[in-house]
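**Student:** My structure is stored as final16.csv, with CSV, N, CA and C atoms.
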```csv
chain,number,residue,atom,x,y,z
A,509,MET,N,109.0,33.4,-57.5
A,509,MET,CA,108.4,34.3,-58.4
A,509,MET,C,107.8,33.6,-59.6
A,510,THR,N,108.6,32.6,-60.1
A,510,THR,CA,108.2,31.9,-61.3
A,510,THR,C,106.9,31.1,-61.0
A,511,VAL,N,106.8,30.5,-59.8
A,511,VAL,CA,105.6,29.7,-59.5
A,511,VAL,C,104.4,30.6,-59.4
A,512,ILE,N,104.5,31.8,-58.9
A,512,ILE,CA,103.4,32.7,-58.8
A,512,ILE,C,103.0,33.1,-60.2
A,513,GLY,N,104.0,33.4,-61.1
A,513,GLY,CA,103.7,33.7,-62.5
A,513,GLY,C,103.0,32.6,-63.2
A,514,VAL,N,103.4,31.4,-63.0
A,514,VAL,CA,102.7,30.3,-63.7
A,514,VAL,C,101.3,30.1,-63.2
A,515,GLY,N,101.1,30.3,-61.9
A,515,GLY,CA,99.8,30.2,-61.3
A,515,GLY,C,98.8,31.3,-61.8
A,516,ILE,N,99.3,32.5,-61.9
A,516,ILE,CA,98.5,33.6,-62.5
A,516,ILE,C,98.2,33.4,-64.0
A,517,THR,N,99.2,32.9,-64.7
A,517,THR,CA,99.0,32.6,-66.1
A,517,THR,C,98.0,31.5,-66.3
A,518,GLY,N,98.1,30.5,-65.5
A,518,GLY,CA,97.1,29.4,-65.5
A,518,GLY,C,95.7,29.9,-65.2
A,519,TRP,N,95.6,30.8,-64.2
A,519,TRP,CA,94.3,31.3,-63.9
A,519,TRP,C,93.7,32.1,-65.0
A,520,PHE,N,94.5,33.0,-65.7
A,520,PHE,CA,94.0,33.7,-66.8
A,520,PHE,C,93.6,32.8,-68.0
A,521,THR,N,94.4,31.8,-68.2
A,521,THR,CA,94.1,30.9,-69.3
A,521,THR,C,92.8,30.1,-69.0
A,522,TYR,N,92.6,29.7,-67.8
A,522,TYR,CA,91.3,29.0,-67.4
A,522,TYR,C,90.1,29.9,-67.6
A,523,ARG,N,90.3,31.2,-67.2
A,523,ARG,CA,89.2,32.1,-67.3
A,523,ARG,C,88.9,32.5,-68.7
A,524,GLY,N,89.9,32.7,-69.5
A,524,GLY,CA,89.8,33.0,-71.0
A,524,GLY,C,89.1,31.8,-71.7
A,525,THR,N,89.5,30.6,-71.4
A,525,THR,CA,88.9,29.4,-72.0
A,525,THR,C,87.4,29.3,-71.7
A,526,ARG,N,87.1,29.6,-70.4
A,526,ARG,CA,85.6,29.6,-70.0
A,526,ARG,C,84.8,30.6,-70.8
A,527,VAL,N,85.4,31.8,-70.9
A,527,VAL,CA,84.7,32.9,-71.6
A,527,VAL,C,84.5,32.6,-73.1
A,528,ALA,N,85.6,32.1,-73.7
A,528,ALA,CA,85.5,31.7,-75.1
A,528,ALA,C,84.5,30.6,-75.3
A,529,ALA,N,84.4,29.6,-74.4
A,529,ALA,CA,83.5,28.5,-74.6
A,529,ALA,C,82.0,29.1,-74.4
A,530,ALA,N,81.8,30.0,-73.5
A,530,ALA,CA,80.5,30.6,-73.4
A,530,ALA,C,80.1,31.4,-74.6
A,531,ILE,N,81.1,32.1,-75.1
A,531,ILE,CA,80.7,32.9,-76.3
A,531,ILE,C,80.4,32.0,-77.5
A,532,GLN,N,81.2,31.0,-77.7
A,532,GLN,CA,81.0,30.0,-78.8
A,532,GLN,C,79.7,29.3,-78.6
A,533,ALA,N,79.3,28.9,-77.4
A,533,ALA,CA,78.1,28.1,-77.2
A,533,ALA,C,76.9,29.0,-77.2
A,534,GLY,N,77.0,30.3,-77.2
A,534,GLY,CA,75.9,31.2,-77.2
A,534,GLY,C,74.9,31.0,-78.3
A,535,PRO,N,75.4,31.0,-79.6
A,535,PRO,CA,74.5,30.8,-80.7
A,535,PRO,C,73.8,29.5,-80.7
A,536,GLN,N,74.6,28.5,-80.3
A,536,GLN,CA,74.0,27.1,-80.3
A,536,GLN,C,72.9,27.0,-79.2
A,537,ALA,N,73.2,27.6,-78.1
A,537,ALA,CA,72.2,27.6,-77.0
A,537,ALA,C,71.0,28.4,-77.5
A,538,LYS,N,71.1,29.5,-78.1
A,538,LYS,CA,70.0,30.3,-78.6
A,538,LYS,C,69.2,29.5,-79.6
A,539,ALA,N,69.9,28.8,-80.5
A,539,ALA,CA,69.2,28.0,-81.5
A,539,ALA,C,68.3,26.9,-80.8
A,540,GLY,N,68.9,26.3,-79.7
A,540,GLY,CA,68.1,25.3,-79.0
A,540,GLY,C,66.9,25.9,-78.3
A,541,GLU,N,67.1,27.1,-77.7
A,541,GLU,CA,66.0,27.8,-77.1
A,541,GLU,C,64.9,28.2,-78.1
A,542,PHE,N,65.4,28.6,-79.3
A,542,PHE,CA,64.4,29.0,-80.3
A,542,PHE,C,63.6,27.7,-80.8
A,543,ALA,N,64.3,26.6,-80.9
A,543,ALA,CA,63.6,25.4,-81.3
A,543,ALA,C,62.5,25.0,-80.3
A,544,VAL,N,62.9,25.1,-79.0
A,544,VAL,CA,61.9,24.8,-78.0
A,544,VAL,C,60.7,25.8,-78.0
A,545,LEU,N,61.0,27.1,-78.2
A,545,LEU,CA,60.0,28.1,-78.3
A,545,LEU,C,59.1,27.8,-79.5
A,546,GLN,N,59.7,27.5,-80.7
A,546,GLN,CA,58.9,27.2,-81.9
A,546,GLN,C,58.0,26.0,-81.7
A,547,ALA,N,58.5,24.9,-81.1
A,547,ALA,CA,57.7,23.7,-80.8
A,547,ALA,C,56.5,24.1,-79.9
A,548,THR,N,56.8,24.9,-78.9
A,548,THR,CA,55.7,25.3,-78.0
A,548,THR,C,54.7,26.1,-78.7
A,549,VAL,N,55.1,27.0,-79.6
A,549,VAL,CA,54.1,27.9,-80.3
A,549,VAL,C,53.2,27.0,-81.2
A,550,GLU,N,53.9,26.0,-81.9
A,550,GLU,CA,53.1,25.1,-82.7
A,550,GLU,C,52.1,24.3,-81.9
A,551,ARG,N,52.5,23.8,-80.7
A,551,ARG,CA,51.6,23.0,-79.9
A,551,ARG,C,50.5,23.8,-79.4
A,552,VAL,N,50.7,25.1,-79.0
A,552,VAL,CA,49.6,26.0,-78.6
A,552,VAL,C,48.7,26.3,-79.7
A,553,ASP,N,49.2,26.5,-80.9
A,553,ASP,CA,48.4,26.7,-82.1
A,553,ASP,C,47.5,25.6,-82.4
A,554,THR,N,48.0,24.4,-82.3
A,554,THR,CA,47.2,23.2,-82.5
A,554,THR,C,46.1,23.0,-81.4
A,555,GLU,N,46.5,23.3,-80.2
A,555,GLU,CA,45.5,23.2,-79.1
A,555,GLU,C,44.4,24.3,-79.3
A,556,ASN,N,44.8,25.5,-79.7
A,556,ASN,CA,43.8,26.5,-80.0
A,556,ASN,C,42.8,26.2,-81.1
A,557,LYS,N,43.3,25.6,-82.2
A,557,LYS,CA,42.5,25.1,-83.3
A,557,LYS,C,41.5,24.1,-82.8
A,558,GLU,N,42.0,23.1,-82.0
A,558,GLU,CA,41.1,22.1,-81.4
A,558,GLU,C,40.0,22.7,-80.5
A,559,LEU,N,40.4,23.7,-79.7
A,559,LEU,CA,39.5,24.3,-78.7
A,559,LEU,C,38.4,25.1,-79.5
A,560,ARG,N,38.9,25.8,-80.5
A,560,ARG,CA,37.9,26.6,-81.3
A,560,ARG,C,36.9,25.7,-82.1
A,561,SER,N,37.4,24.6,-82.5
A,561,SER,CA,36.5,23.6,-83.2
A,561,SER,C,35.5,23.1,-82.2
A,562,ARG,N,36.0,22.7,-81.0
A,562,ARG,CA,35.0,22.2,-80.0
A,562,ARG,C,34.0,23.3,-79.6
A,563,GLN,N,34.5,24.5,-79.4
A,563,GLN,CA,33.6,25.6,-79.1
A,563,GLN,C,32.6,25.9,-80.1
A,564,SER,N,33.0,25.8,-81.4
A,564,SER,CA,32.0,26.0,-82.5
A,564,SER,C,31.0,24.9,-82.5
A,565,ARG,N,31.4,23.7,-82.3
A,565,ARG,CA,30.5,22.6,-82.2
A,565,ARG,C,29.5,22.7,-81.1
A,566,LEU,N,30.0,23.2,-79.9
A,566,LEU,CA,29.1,23.4,-78.8
A,566,LEU,C,28.1,24.5,-79.0
A,567,GLU,N,28.5,25.6,-79.7
A,567,GLU,CA,27.6,26.6,-80.0
A,567,GLU,C,26.6,26.2,-81.0
A,568,SER,N,26.9,25.3,-82.0
A,568,SER,CA,26.0,24.8,-82.9
A,568,SER,C,25.0,23.9,-82.2
A,569,LEU,N,25.5,23.1,-81.3
A,569,LEU,CA,24.6,22.2,-80.5
A,569,LEU,C,23.6,23.0,-79.6
A,570,LEU,N,24.1,24.1,-79.0
A,570,LEU,CA,23.3,25.0,-78.2
A,570,LEU,C,22.2,25.6,-79.1
A,571,ARG,N,22.5,26.1,-80.3
A,571,ARG,CA,21.5,26.7,-81.1
A,571,ARG,C,20.5,25.6,-81.5
A,572,ALA,N,20.9,24.4,-81.9
A,572,ALA,CA,20.0,23.4,-82.3
A,572,ALA,C,19.1,23.0,-81.1
A,573,PHE,N,19.6,22.9,-79.9
A,573,PHE,CA,18.8,22.6,-78.7
A,573,PHE,C,17.8,23.7,-78.5
A,574,ALA,N,18.2,24.9,-78.6
A,574,ALA,CA,17.3,26.1,-78.3
A,574,ALA,C,16.2,26.0,-79.4
A,575,TRP,N,16.5,25.8,-80.6
A,575,TRP,CA,15.5,25.7,-81.7
A,575,TRP,C,14.5,24.6,-81.4
A,576,THR,N,15.0,23.4,-81.0
A,576,THR,CA,14.2,22.3,-80.7
A,576,THR,C,13.2,22.5,-79.5
A,577,THR,N,13.8,23.1,-78.4
A,577,THR,CA,12.9,23.3,-77.3
A,577,THR,C,11.9,24.4,-77.6
A,578,ASP,N,12.2,25.4,-78.4
A,578,ASP,CA,11.3,26.4,-78.8
A,578,ASP,C,10.1,25.8,-79.6
A,579,ARG,N,10.5,24.9,-80.5
A,579,ARG,CA,9.5,24.2,-81.3
A,579,ARG,C,8.6,23.4,-80.4
A,580,TRP,N,9.1,22.7,-79.4
A,580,TRP,CA,8.3,21.9,-78.5
A,580,TRP,C,7.4,22.8,-77.7
A,581,ALA,N,7.9,24.0,-77.3
A,581,ALA,CA,7.1,24.9,-76.5
A,581,ALA,C,5.9,25.4,-77.3
A,582,ARG,N,6.2,25.7,-78.6
A,582,ARG,CA,5.1,26.1,-79.5
A,582,ARG,C,4.0,25.0,-79.7
A,583,GLN,N,4.5,23.8,-79.8
A,583,GLN,CA,3.5,22.7,-79.9
A,583,GLN,C,2.7,22.5,-78.7
A,584,MET,N,3.3,22.8,-77.5
A,584,MET,CA,2.5,22.7,-76.3
A,584,MET,C,1.5,23.8,-76.2
A,585,HIS,N,1.9,25.0,-76.6
A,585,HIS,CA,1.0,26.2,-76.6
A,585,HIS,C,-0.2,25.9,-77.6
A,586,GLN,N,0.1,25.3,-78.7
A,586,GLN,CA,-0.9,25.0,-79.7
A,586,GLN,C,-1.9,23.9,-79.2
A,587,ALA,N,-1.4,23.0,-78.3
A,587,ALA,CA,-2.2,22.0,-77.7
A,587,ALA,C,-2.9,22.4,-76.5
A,588,GLY,N,-2.7,23.7,-76.1
A,588,GLY,CA,-3.4,24.3,-74.9
A,588,GLY,C,-2.7,24.0,-73.6
A,589,LEU,N,-1.5,23.5,-73.7
A,589,LEU,CA,-0.7,23.2,-72.5
A,589,LEU,C,0.3,24.4,-72.2
A,590,GLU,N,0.5,24.8,-71.0
A,590,GLU,CA,1.4,25.8,-70.7
A,590,GLU,C,2.7,25.2,-70.1
A,591,PRO,N,3.8,25.4,-70.8
A,591,PRO,CA,5.1,24.8,-70.3
A,591,PRO,C,5.6,25.5,-69.1
A,592,GLU,N,6.5,24.9,-68.4
A,592,GLU,CA,7.1,25.5,-67.2
A,592,GLU,C,7.9,26.7,-67.7
A,593,PRO,N,8.1,27.8,-66.9
A,593,PRO,CA,8.9,28.9,-67.4
A,593,PRO,C,10.4,28.5,-67.5
A,594,PRO,N,11.1,29.0,-68.4
A,594,PRO,CA,12.5,28.6,-68.6
A,594,PRO,C,13.4,29.1,-67.5
A,595,HIS,N,14.5,28.5,-67.3
A,595,HIS,CA,15.5,28.9,-66.4
A,595,HIS,C,16.0,30.3,-66.8
A,596,ALA,N,16.5,31.0,-65.8
A,596,ALA,CA,16.9,32.4,-66.0
A,596,ALA,C,18.0,32.5,-67.1
A,597,LEU,N,18.9,31.6,-67.1
A,597,LEU,CA,20.0,31.6,-68.1
A,597,LEU,C,19.4,31.3,-69.5
A,598,VAL,N,18.4,30.4,-69.6
A,598,VAL,CA,17.8,30.2,-70.9
A,598,VAL,C,17.0,31.4,-71.3
A,599,ASP,N,16.3,32.0,-70.4
A,599,ASP,CA,15.6,33.2,-70.8
A,599,ASP,C,16.6,34.3,-71.3
A,600,GLU,N,17.7,34.5,-70.6
A,600,GLU,CA,18.7,35.5,-71.0
A,600,GLU,C,19.3,35.1,-72.4
A,601,TYR,N,19.5,33.8,-72.7
A,601,TYR,CA,20.0,33.4,-74.0
A,601,TYR,C,19.0,33.7,-75.0
A,602,ASN,N,17.7,33.4,-74.8
A,602,ASN,CA,16.7,33.7,-75.7
A,602,ASN,C,16.5,35.2,-76.1
A,603,ARG,N,16.8,36.0,-75.1
A,603,ARG,CA,16.7,37.5,-75.3
A,603,ARG,C,17.9,38.0,-76.0
A,604,THR,N,19.1,37.6,-75.6
A,604,THR,CA,20.3,38.2,-76.1
A,604,THR,C,21.1,37.4,-77.1
A,605,GLY,N,20.8,36.1,-77.2
A,605,GLY,CA,21.6,35.2,-78.1
A,605,GLY,C,23.0,34.9,-77.6
A,606,VAL,N,23.3,35.3,-76.4
A,606,VAL,CA,24.6,35.1,-75.8
A,606,VAL,C,24.5,34.2,-74.5
```
Show how you would write the structure in this file as structure tokens.
**Tutor:**
Amino acid sequence: MTVIGVGITGWFTYRGTRVAAAIQAGPQAKAGEFAVLQATVERVDTENKELRSRQSRLESLLRAFAWTTDRWARQMHQAGLEPEPPHALVDEYNRTGV
């Protein structure tokens, strides 16, 4: 009977120790997860800023290119030359600005 009692006591002690360790490690684990999440958010914010900057630069380049080709087309018209019709996407951009 004593052997069975010692075995049961040992089992409860093992189980209680595991639960206590899990409870104690909880806040530390959450802090680690939060640090990873915060680092991820900062990385995504940095990437978004870079992408927005690149997109803004491309939009500026597109506007400058459209202005330049429009100027060239006007010069051709003034010289009596008829330029090729623009691509459908270019025509749509000229009409809508998008």
**Student:** In Å to one decimal, how far is CA of Asn556 in chain A from atom C of Gly540 in chain A?
**Tutor:** 23.2 Å
**Student:** Please compute the atom N of Leu589 in chain A-CA of Gly605 in chain A distance, one decimal, in Å.
**Tutor:**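 Result for atom N of Leu589 in chain A versus CA of Gly605 in chain A: 26.3 Å, one decimal.
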**Student:** What does the distance from CA of Val549 in chain A to CA of Glu567 in chain A come to in Å, to one decimal?
**Tutor:**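 Computed distance, CA of Val549 in chain A to CA of Glu567 in chain A, equals 26.5 Å.
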